[in-house]
>>> print(open('work-v2.csv').read())   # CSV, C-alpha atoms
chain,number,residue,atom,x,y,z
N,1,MET,CA,30.1,10.0,51.5
N,2,PRO,CA,28.1,8.7,48.5
N,3,LEU,CA,29.5,8.7,45.0
N,4,LEU,CA,26.2,9.7,43.5
N,5,THR,CA,23.3,12.0,44.2
N,6,CYS,CA,20.1,11.5,42.2
N,7,TYR,CA,17.2,13.9,41.5
N,8,TYR,CA,14.0,13.2,39.6
N,9,PRO,CA,12.4,16.5,38.6
N,10,SER,CA,9.5,14.9,36.7
N,11,SER,CA,8.2,11.5,35.6
N,12,ASN,CA,10.1,11.9,32.3
N,13,SER,CA,13.4,13.3,33.5
N,14,ALA,CA,16.3,12.5,35.9
N,15,VAL,CA,19.6,14.1,37.0
N,16,TYR,CA,22.6,12.3,38.3
N,17,ILE,CA,25.4,14.2,40.1
N,18,VAL,CA,28.8,12.5,40.7
N,19,HIS,CA,30.9,13.7,43.6
N,20,LEU,CA,34.4,14.0,42.1
N,21,ASP,CA,36.3,13.9,45.3
N,22,VAL,CA,34.7,10.5,46.1
N,23,LEU,CA,35.4,9.3,42.6
N,24,GLN,CA,39.1,10.4,42.9
N,25,ARG,CA,39.4,8.4,46.1
N,26,ARG,CA,37.9,5.3,44.6
N,27,LEU,CA,40.2,5.6,41.6
N,28,GLY,CA,43.1,5.4,44.1
N,29,VAL,CA,42.0,1.8,45.1
N,30,PRO,CA,43.2,-0.6,42.4
N,31,SER,CA,40.1,-2.9,42.4
N,32,GLN,CA,37.7,0.0,42.3
N,33,ARG,CA,39.7,1.8,39.6
N,34,GLN,CA,39.5,-1.3,37.5
N,35,HIS,CA,35.8,-1.6,38.0
N,36,LEU,CA,35.1,2.0,37.2
N,37,LEU,CA,37.3,2.1,34.1
N,38,ALA,CA,35.8,-1.2,32.8
N,39,GLN,CA,32.6,0.7,32.3
N,40,LEU,CA,34.2,2.7,29.5
N,41,SER,CA,34.4,1.6,25.9
N,42,GLU,CA,37.8,1.4,24.2
N,43,ASP,CA,37.3,4.8,22.6
N,44,GLU,CA,36.1,6.3,25.8
N,45,HIS,CA,39.1,4.9,27.7
N,46,ALA,CA,41.4,6.4,25.1
N,47,GLN,CA,39.7,9.8,25.5
N,48,TYR,CA,40.1,9.6,29.3
N,49,THR,CA,43.8,8.6,29.2
N,50,CYS,CA,44.7,11.3,26.7
N,51,LYS,CA,43.4,14.2,28.7
N,52,PRO,CA,46.4,16.5,29.5
N,53,TYR,CA,45.4,17.4,33.0
N,54,LYS,CA,44.3,15.2,35.9
N,55,ARG,CA,41.5,17.5,36.9
N,56,GLN,CA,40.1,17.7,33.4
N,57,ALA,CA,40.3,13.9,33.1
N,58,LEU,CA,38.5,13.5,36.4
N,59,ALA,CA,35.7,15.9,35.4
N,60,TRP,CA,35.3,14.2,32.1
N,61,LEU,CA,35.2,10.7,33.7
N,62,GLY,CA,32.7,11.8,36.3
N,63,ALA,CA,30.3,13.3,33.7
N,64,ARG,CA,30.6,10.3,31.4
N,65,LEU,CA,30.0,7.7,34.2
N,66,GLY,CA,27.1,9.7,35.5
N,67,ALA,CA,25.5,9.7,32.0
N,68,LYS,CA,26.1,6.0,31.6
N,69,TRP,CA,24.6,5.2,35.0
N,70,LEU,CA,21.7,7.4,34.3
N,71,LEU,CA,21.0,5.6,30.9
N,72,LYS,CA,21.5,2.2,32.5
N,73,ASN,CA,19.1,2.8,35.3
N,74,THR,CA,16.4,4.4,33.2
N,75,LEU,CA,16.6,2.7,29.9
N,76,PHE,CA,19.1,-0.2,29.6
N,77,SER,CA,19.2,-2.1,32.9
N,78,ALA,CA,20.4,-5.3,31.2
N,79,LEU,CA,23.1,-3.6,29.1
N,80,PRO,CA,26.8,-3.4,30.3
N,81,SER,CA,27.8,0.2,30.8
N,82,ALA,CA,30.7,-0.2,28.4
N,83,GLU,CA,28.1,-0.8,25.6
N,84,ILE,CA,26.1,2.4,26.3
N,85,GLN,CA,27.5,4.9,23.8
N,86,ILE,CA,27.2,8.6,24.1
N,87,LYS,CA,27.6,10.6,20.9
N,88,LYS,CA,27.4,14.3,20.0
N,89,THR,CA,25.3,16.1,17.4
N,90,ALA,CA,26.9,18.4,14.8
N,91,ASN,CA,26.3,21.2,17.3
N,92,GLY,CA,28.1,19.3,20.1
N,93,ALA,CA,25.0,18.3,22.1
N,94,PRO,CA,25.3,14.9,23.7
N,95,PHE,CA,22.8,12.1,23.1
N,96,CYS,CA,22.4,8.4,23.7
N,97,ALA,CA,23.4,6.6,20.5
N,98,ARG,CA,21.2,3.6,21.1
N,99,SER,CA,17.9,5.4,22.0
N,100,GLY,CA,18.5,8.8,20.4
N,101,ARG,CA,17.4,10.5,23.7
N,102,PRO,CA,19.0,13.9,24.3
N,103,LEU,CA,21.4,14.3,27.3
N,104,SER,CA,22.9,17.3,29.0
N,105,ILE,CA,26.2,17.2,30.8
N,106,SER,CA,28.0,19.6,33.1
N,107,HIS,CA,30.8,19.8,35.6
N,108,SER,CA,32.3,22.4,38.0
N,109,ASN,CA,34.9,22.1,40.8
N,110,THR,CA,33.9,19.0,42.8
N,111,LEU,CA,30.8,17.9,40.9
N,112,ALA,CA,29.9,16.5,37.5
N,113,GLY,CA,26.5,15.6,36.3
N,114,ALA,CA,24.2,14.3,33.5
N,115,ALA,CA,20.5,14.8,32.8
N,116,ILE,CA,18.0,13.1,30.5
N,117,GLY,CA,14.5,13.9,29.4
N,118,ASP,CA,12.0,13.2,26.6
N,119,HIS,CA,12.9,16.4,24.9
N,120,PRO,CA,16.2,18.4,24.8
N,121,VAL,CA,17.0,19.4,28.4
N,122,GLY,CA,19.6,21.6,30.0
N,123,LEU,CA,21.8,21.0,33.1
N,124,ASP,CA,24.3,23.4,34.6
N,125,LEU,CA,26.4,23.3,37.7
N,126,GLU,CA,28.1,26.4,39.1
N,127,PHE,CA,30.1,27.2,42.2
N,128,SER,CA,27.7,29.4,44.2
N,129,GLU,CA,30.4,32.1,45.0
N,130,ARG,CA,31.8,32.3,41.5
N,131,PHE,CA,30.5,35.8,40.7
N,132,SER,CA,31.2,38.9,42.7
N,133,ALA,CA,29.6,41.2,40.1
N,134,LEU,CA,27.0,40.9,37.4
N,135,PRO,CA,28.5,39.3,34.3
N,136,THR,CA,27.4,41.5,31.5
N,137,PRO,CA,26.5,41.1,28.6
N,138,TRP,CA,25.6,37.5,29.4
N,139,ILE,CA,23.1,38.6,32.1
N,140,SER,CA,21.5,42.1,31.8
N,141,PRO,CA,20.8,44.4,34.7
N,142,GLN,CA,17.1,44.2,33.7
N,143,GLU,CA,17.2,40.4,34.1
N,144,LYS,CA,18.7,40.6,37.5
N,145,GLN,CA,16.2,43.3,38.6
N,146,ALA,CA,13.3,41.1,37.4
N,147,HIS,CA,14.6,38.1,39.4
N,148,PRO,CA,15.5,39.4,42.9
N,149,ASN,CA,14.9,35.9,44.3
N,150,LEU,CA,17.6,34.3,42.2
N,151,SER,CA,21.3,34.7,42.7
N,152,ILE,CA,23.7,35.7,39.9
N,153,SER,CA,25.0,32.2,39.9
N,154,GLN,CA,21.5,30.8,39.5
N,155,LEU,CA,20.7,33.2,36.7
N,156,TRP,CA,24.0,32.2,35.0
N,157,CYS,CA,23.0,28.5,35.4
N,158,ILE,CA,19.6,29.2,33.7
N,159,LYS,CA,21.3,30.9,30.7
N,160,GLU,CA,23.8,28.0,30.4
N,161,ALA,CA,21.0,25.4,30.7
N,162,LEU,CA,18.9,27.2,28.1
N,163,TYR,CA,21.8,27.3,25.8
N,164,LYS,CA,22.4,23.6,26.1
N,165,ALA,CA,18.8,22.8,25.6
N,166,ALA,CA,18.0,25.2,22.7
N,167,GLY,CA,21.0,27.3,22.0
N,168,PHE,CA,22.3,28.7,18.7
N,169,GLY,CA,25.5,30.5,17.7
N,170,PRO,CA,28.1,31.7,20.1
N,171,PHE,CA,27.1,31.8,23.8
N,172,THR,CA,27.4,35.6,24.1
N,173,GLN,CA,25.2,36.1,21.0
N,174,PHE,CA,22.6,33.7,22.5
N,175,CYS,CA,22.6,35.5,25.9
N,176,SER,CA,22.0,38.8,24.2
N,177,ALA,CA,19.2,37.4,22.1
N,178,VAL,CA,17.3,35.5,24.8
N,179,GLU,CA,15.9,37.4,27.7
N,180,LEU,CA,14.6,35.8,30.9
N,181,GLU,CA,11.2,37.5,31.3
N,182,HIS,CA,9.3,35.9,34.1
N,183,THR,CA,10.2,33.3,36.7
N,184,THR,CA,7.9,31.6,39.3
N,185,HIS,CA,8.9,28.9,41.7
N,186,LYS,CA,9.4,26.2,38.9
N,187,GLN,CA,8.4,27.9,35.7
N,188,LEU,CA,10.3,30.3,33.4
N,189,THR,CA,9.3,32.3,30.3
N,190,VAL,CA,11.9,33.6,27.9
N,191,ARG,CA,11.8,36.1,25.0
N,192,ASN,CA,13.8,35.5,21.8
N,193,ALA,CA,14.6,39.2,21.0
N,194,ILE,CA,16.7,38.9,17.9
N,195,HIS,CA,16.7,35.5,16.1
N,196,LYS,CA,13.2,35.3,14.8
N,197,LYS,CA,14.3,32.5,12.4
N,198,GLN,CA,15.6,30.5,15.4
N,199,PRO,CA,12.7,30.4,17.8
N,200,ILE,CA,13.0,28.6,21.1
N,201,GLN,CA,10.4,27.2,23.4
N,202,LYS,CA,8.9,30.1,25.3
N,203,THR,CA,8.0,28.3,28.6
N,204,TRP,CA,10.3,26.0,30.6
N,205,ARG,CA,10.0,24.1,33.8
N,206,TYR,CA,13.0,24.2,36.0
N,207,ASN,CA,14.3,22.8,39.2
N,208,ARG,CA,17.3,24.1,41.3
N,209,TRP,CA,19.2,22.5,44.1
N,210,GLN,CA,22.3,23.3,46.1
N,211,LEU,CA,24.9,20.8,46.9
N,212,LYS,CA,28.5,21.2,48.2
N,213,GLN,CA,28.4,25.0,47.7
N,214,HIS,CA,27.2,24.5,44.1
N,215,ASP,CA,24.0,25.7,42.4
N,216,ILE,CA,22.5,22.9,40.2
N,217,LEU,CA,19.9,24.0,37.6
N,218,PHE,CA,17.9,21.6,35.5
N,219,LEU,CA,15.5,22.8,32.8
N,220,GLU,CA,13.1,21.1,30.4
N,221,PRO,CA,10.4,22.4,28.0
N,222,TYR,CA,7.0,23.0,29.5
N,223,TYR,CA,3.9,22.0,27.5
N,224,GLU,CA,0.4,22.7,28.8
>>> encode(input="work-v2.csv", output="structure tokens")
Amino acid sequence: MPLLTCYYPSSNSAVYIVHLDVLQRRLGVPSQRQHLLAQLSEDEHAQYTCKPYKRQALAWLGARLGAKWLLKNTLFSALPSAEIQIKKTANGAPFCARSGRPLSISHSNTLAGAAIGDHPVGLDLEFSERFSALPTPWISPQEKQAHPNLSISQLWCIKEALYKAAGFGPFTQFCSAVELEHTTHKQLTVRNAIHKKQPIQKTWRYNRWQLKQHDILFLEPYYE
């Protein structure tokens, strides 16, 4: 089983998914554990070791390594992974400290992932069977009715990815303000119903995949 699955939605974007069960097995081998943890900076290693729960630490490590490998393979091939720093904006959005390029990070159950693009992007992973009923008010009945080809999990992933790419305020407030209007195979239009002073890009390009009973949704702005 590979440790990493890679997707390339466009010429300007990439998504790396880390298989956490494989990562956990490799951490159990002393030489591989040393190699993996050596890719963290001192600050990152401290963040990893102070996580109170093993599952939380594993998810954090998977997402952080995925982001580092993504940046190394797309921008900094000659730079050691430990020197690739990931910071957060005042709003908590991750970005590459050296290049300023925005990142998006997500994890759920057995997967963790990172995505990069020229503009702010959104990545969300969700267990496909998480929802047994429509989670209102985050997704409205009208939105589900307008998108019969998408599962509740996929709609949730779109809202989460939109929030990561262009969100404002609490997540519930954002979901109430932003309505998913129209979705084709790879294109999405949204309506910002309330926050006129906080406009978001109206049209987005998205890709969705399924892996290990998870929905993966990547979203980036679409400019004609």
>>> residues_near_point(input="work-v2.csv", point="(6.9, 41.5, 34.4)", cutoff="8 Å", atoms="only C-alpha atoms", output="number ranges by chain")
N: 146, 181-182
>>> closest_residue(input="work-v2.csv", among="N:Val18, N:Ser10, N:Gln47, N:Leu180", to="Ala67 (chain N)", atoms="all atoms listed in the file")
N:Val18
>>> atom_distance(input="work-v2.csv", atom1="CA of Gln24 (chain N)", atom2="CA of Gln85 (chain N)")
23.0 Å
>>> atom_distance(input="work-v2.csv", atom1="CA of Arg208 (chain N)", atom2="CA of His185 (chain N)")
9.7 Å
>>> residues_around(input="work-v2.csv", residues="Ala133 (chain N)", least_positions_apart="6", cutoff="12 Å", atoms="all atoms listed in the file", output="list in words")
Ile139, Ser140, Pro141, Lys144, Ser151, Ile152, Ser153 and Trp156 of chain N
>>> closest_residue(input="work-v2.csv", among="N:Gln32, N:Thr172, N:Glu179, N:Leu162", to="Arg205 (chain N)", atoms="only C-alpha atoms")
N:Leu162
>>> residues_around(input="work-v2.csv", residues="Thr74 (chain N)", least_positions_apart="6", cutoff="10 Å", atoms="all atoms listed in the file", output="list of chain:residue names")
N:Asn12, N:Ser13, N:Ala14, N:Lys68, N:Ile116
>>> residues_around(input="work-v2.csv", residues="region 20-22 of chain N", least_positions_apart="2", cutoff="7 Å", atoms="only C-alpha atoms", output="list in words")
Leu3, Val18, Gln24, Arg25, Arg26, Gly62, Thr110, Leu111 and Ala112 of chain N
>>> closest_residue(input="work-v2.csv", among="N:Trp138, N:Tyr223, N:Trp209, N:Trp69", to="Ala82 (chain N)", atoms="only C-alpha atoms")
N:Trp69
>>> atom_distance(input="work-v2.csv", atom1="CA of Lys72 (chain N)", atom2="CA of Gln210 (chain N)")
25.1 Å
>>> closest_residue(input="work-v2.csv", among="N:Gln173, N:Ala97, N:Pro9, N:Ser128", to="Lys186 (chain N)", atoms="all atoms listed in the file")
N:Pro9
>>> residues_around(input="work-v2.csv", residues="Pro102 (chain N)", least_positions_apart="6", cutoff="8 Å", atoms="all atoms listed in the file", output="VMD selection string")
chain N and resid 93 to 96 116 to 121
>>> residues_around(input="work-v2.csv", residues="region 199-202 of chain N", least_positions_apart="4", cutoff="10 Å", atoms="only C-alpha atoms", output="PyMOL selection string")
chain N and resi 162+165-168+178+180-181+188-195+220-223
>>> decode(input="work-v2.csv", residues="region 82-95 of chain N", atoms="all heavy atoms", output="mmCIF file, in the first residue's frame")
data_model
loop_
_atom_site.group_PDB
_atom_site.id
_atom_site.type_symbol
_atom_site.label_atom_id
_atom_site.label_comp_id
_atom_site.auth_asym_id
_atom_site.auth_seq_id
_atom_site.Cartn_x
_atom_site.Cartn_y
_atom_site.Cartn_z
ATOM 1 N N ALA N 82 12.757 19.845 6.218
ATOM 2 C CA ALA N 82 12.731 20.504 7.529
ATOM 3 C C ALA N 82 12.820 22.021 7.414
ATOM 4 O O ALA N 82 12.439 22.737 8.340
ATOM 5 C CB ALA N 82 13.862 19.973 8.405
ATOM 6 N N GLU N 83 13.321 22.523 6.279
ATOM 7 C CA GLU N 83 13.459 23.961 6.088
ATOM 8 C C GLU N 83 12.251 24.573 5.381
ATOM 9 O O GLU N 83 12.208 25.799 5.187
ATOM 10 C CB GLU N 83 14.735 24.265 5.304
ATOM 11 C CG GLU N 83 16.004 23.890 6.043
ATOM 12 C CD GLU N 83 17.267 24.254 5.283
ATOM 13 O OE1 GLU N 83 17.190 25.130 4.395
ATOM 14 O OE2 GLU N 83 18.316 23.654 5.563
ATOM 15 N N ILE N 84 11.307 23.764 4.994
ATOM 16 C CA ILE N 84 10.086 24.270 4.357
ATOM 17 C C ILE N 84 9.081 24.566 5.463
ATOM 18 O O ILE N 84 8.534 23.651 6.075
ATOM 19 C CB ILE N 84 9.516 23.250 3.356
ATOM 20 C CG1 ILE N 84 10.540 22.964 2.254
ATOM 21 C CG2 ILE N 84 8.215 23.759 2.750
ATOM 22 C CD1 ILE N 84 10.119 21.877 1.279
ATOM 23 N N GLN N 85 8.869 25.836 5.722
ATOM 24 C CA GLN N 85 8.013 26.231 6.834
ATOM 25 C C GLN N 85 6.605 26.564 6.366
ATOM 26 O O GLN N 85 6.409 27.190 5.322
ATOM 27 C CB GLN N 85 8.607 27.447 7.545
ATOM 28 C CG GLN N 85 9.930 27.153 8.234
ATOM 29 C CD GLN N 85 10.395 28.319 9.082
ATOM 30 O OE1 GLN N 85 9.817 29.399 9.051
ATOM 31 N NE2 GLN N 85 11.428 28.087 9.870
ATOM 32 N N ILE N 86 5.645 26.143 7.148
ATOM 33 C CA ILE N 86 4.233 26.425 6.878
ATOM 34 C C ILE N 86 3.707 27.295 8.008
ATOM 35 O O ILE N 86 3.809 26.935 9.184
ATOM 36 C CB ILE N 86 3.440 25.119 6.766
ATOM 37 C CG1 ILE N 86 3.966 24.293 5.595
ATOM 38 C CG2 ILE N 86 1.947 25.401 6.604
ATOM 39 C CD1 ILE N 86 3.544 22.856 5.605
ATOM 40 N N LYS N 87 3.193 28.443 7.657
ATOM 41 C CA LYS N 87 2.651 29.388 8.632
ATOM 42 C C LYS N 87 1.148 29.509 8.446
ATOM 43 O O LYS N 87 0.568 28.934 7.537
ATOM 44 C CB LYS N 87 3.322 30.758 8.462
ATOM 45 C CG LYS N 87 4.830 30.756 8.616
ATOM 46 C CD LYS N 87 5.250 30.443 10.036
ATOM 47 C CE LYS N 87 6.755 30.592 10.216
ATOM 48 N NZ LYS N 87 7.189 30.283 11.597
ATOM 49 N N LYS N 88 0.516 30.295 9.317
ATOM 50 C CA LYS N 88 -0.915 30.554 9.212
ATOM 51 C C LYS N 88 -1.178 32.052 9.215
ATOM 52 O O LYS N 88 -0.486 32.811 9.895
ATOM 53 C CB LYS N 88 -1.679 29.893 10.366
ATOM 54 C CG LYS N 88 -1.733 28.380 10.271
ATOM 55 C CD LYS N 88 -2.639 27.799 11.349
ATOM 56 C CE LYS N 88 -2.740 26.289 11.219
ATOM 57 N NZ LYS N 88 -3.658 25.715 12.238
ATOM 58 N N THR N 89 -2.184 32.462 8.447
ATOM 59 C CA THR N 89 -2.601 33.851 8.457
ATOM 60 C C THR N 89 -3.338 34.153 9.755
ATOM 61 O O THR N 89 -3.595 33.257 10.574
ATOM 62 C CB THR N 89 -3.522 34.159 7.271
ATOM 63 O OG1 THR N 89 -4.762 33.430 7.455
ATOM 64 C CG2 THR N 89 -2.897 33.734 5.954
ATOM 65 N N ALA N 90 -3.726 35.422 9.927
ATOM 66 C CA ALA N 90 -4.479 35.810 11.124
ATOM 67 C C ALA N 90 -5.804 35.071 11.209
ATOM 68 O O ALA N 90 -6.340 34.860 12.300
ATOM 69 C CB ALA N 90 -4.711 37.319 11.113
ATOM 70 N N ASN N 91 -6.327 34.651 10.059
ATOM 71 C CA ASN N 91 -7.586 33.907 10.030
ATOM 72 C C ASN N 91 -7.388 32.400 10.162
ATOM 73 O O ASN N 91 -8.355 31.634 10.096
ATOM 74 C CB ASN N 91 -8.343 34.203 8.729
ATOM 75 C CG ASN N 91 -8.792 35.647 8.652
ATOM 76 O OD1 ASN N 91 -9.100 36.262 9.670
ATOM 77 N ND2 ASN N 91 -8.837 36.195 7.442
ATOM 78 N N GLY N 92 -6.126 31.967 10.300
ATOM 79 C CA GLY N 92 -5.855 30.544 10.470
ATOM 80 C C GLY N 92 -5.631 29.772 9.193
ATOM 81 O O GLY N 92 -5.509 28.550 9.227
ATOM 82 N N ALA N 93 -5.551 30.462 8.042
ATOM 83 C CA ALA N 93 -5.346 29.770 6.770
ATOM 84 C C ALA N 93 -3.865 29.466 6.577
ATOM 85 O O ALA N 93 -3.024 30.363 6.704
ATOM 86 C CB ALA N 93 -5.866 30.625 5.627
ATOM 87 N N PRO N 94 -3.486 28.230 6.253
ATOM 88 C CA PRO N 94 -2.071 27.890 6.085
ATOM 89 C C PRO N 94 -1.511 28.419 4.768
ATOM 90 O O PRO N 94 -2.221 28.540 3.772
ATOM 91 C CB PRO N 94 -2.080 26.356 6.102
ATOM 92 C CG PRO N 94 -3.437 25.979 5.618
ATOM 93 C CD PRO N 94 -4.369 27.055 6.108
ATOM 94 N N PHE N 95 -0.217 28.738 4.788
ATOM 95 C CA PHE N 95 0.466 29.157 3.570
ATOM 96 C C PHE N 95 1.946 28.823 3.697
ATOM 97 O O PHE N 95 2.463 28.585 4.797
ATOM 98 C CB PHE N 95 0.268 30.656 3.309
ATOM 99 C CG PHE N 95 0.952 31.560 4.303
ATOM 100 C CD1 PHE N 95 2.207 32.104 4.044
ATOM 101 C CD2 PHE N 95 0.339 31.877 5.519
ATOM 102 C CE1 PHE N 95 2.837 32.930 4.970
ATOM 103 C CE2 PHE N 95 0.963 32.713 6.447
ATOM 104 C CZ PHE N 95 2.218 33.237 6.163
#
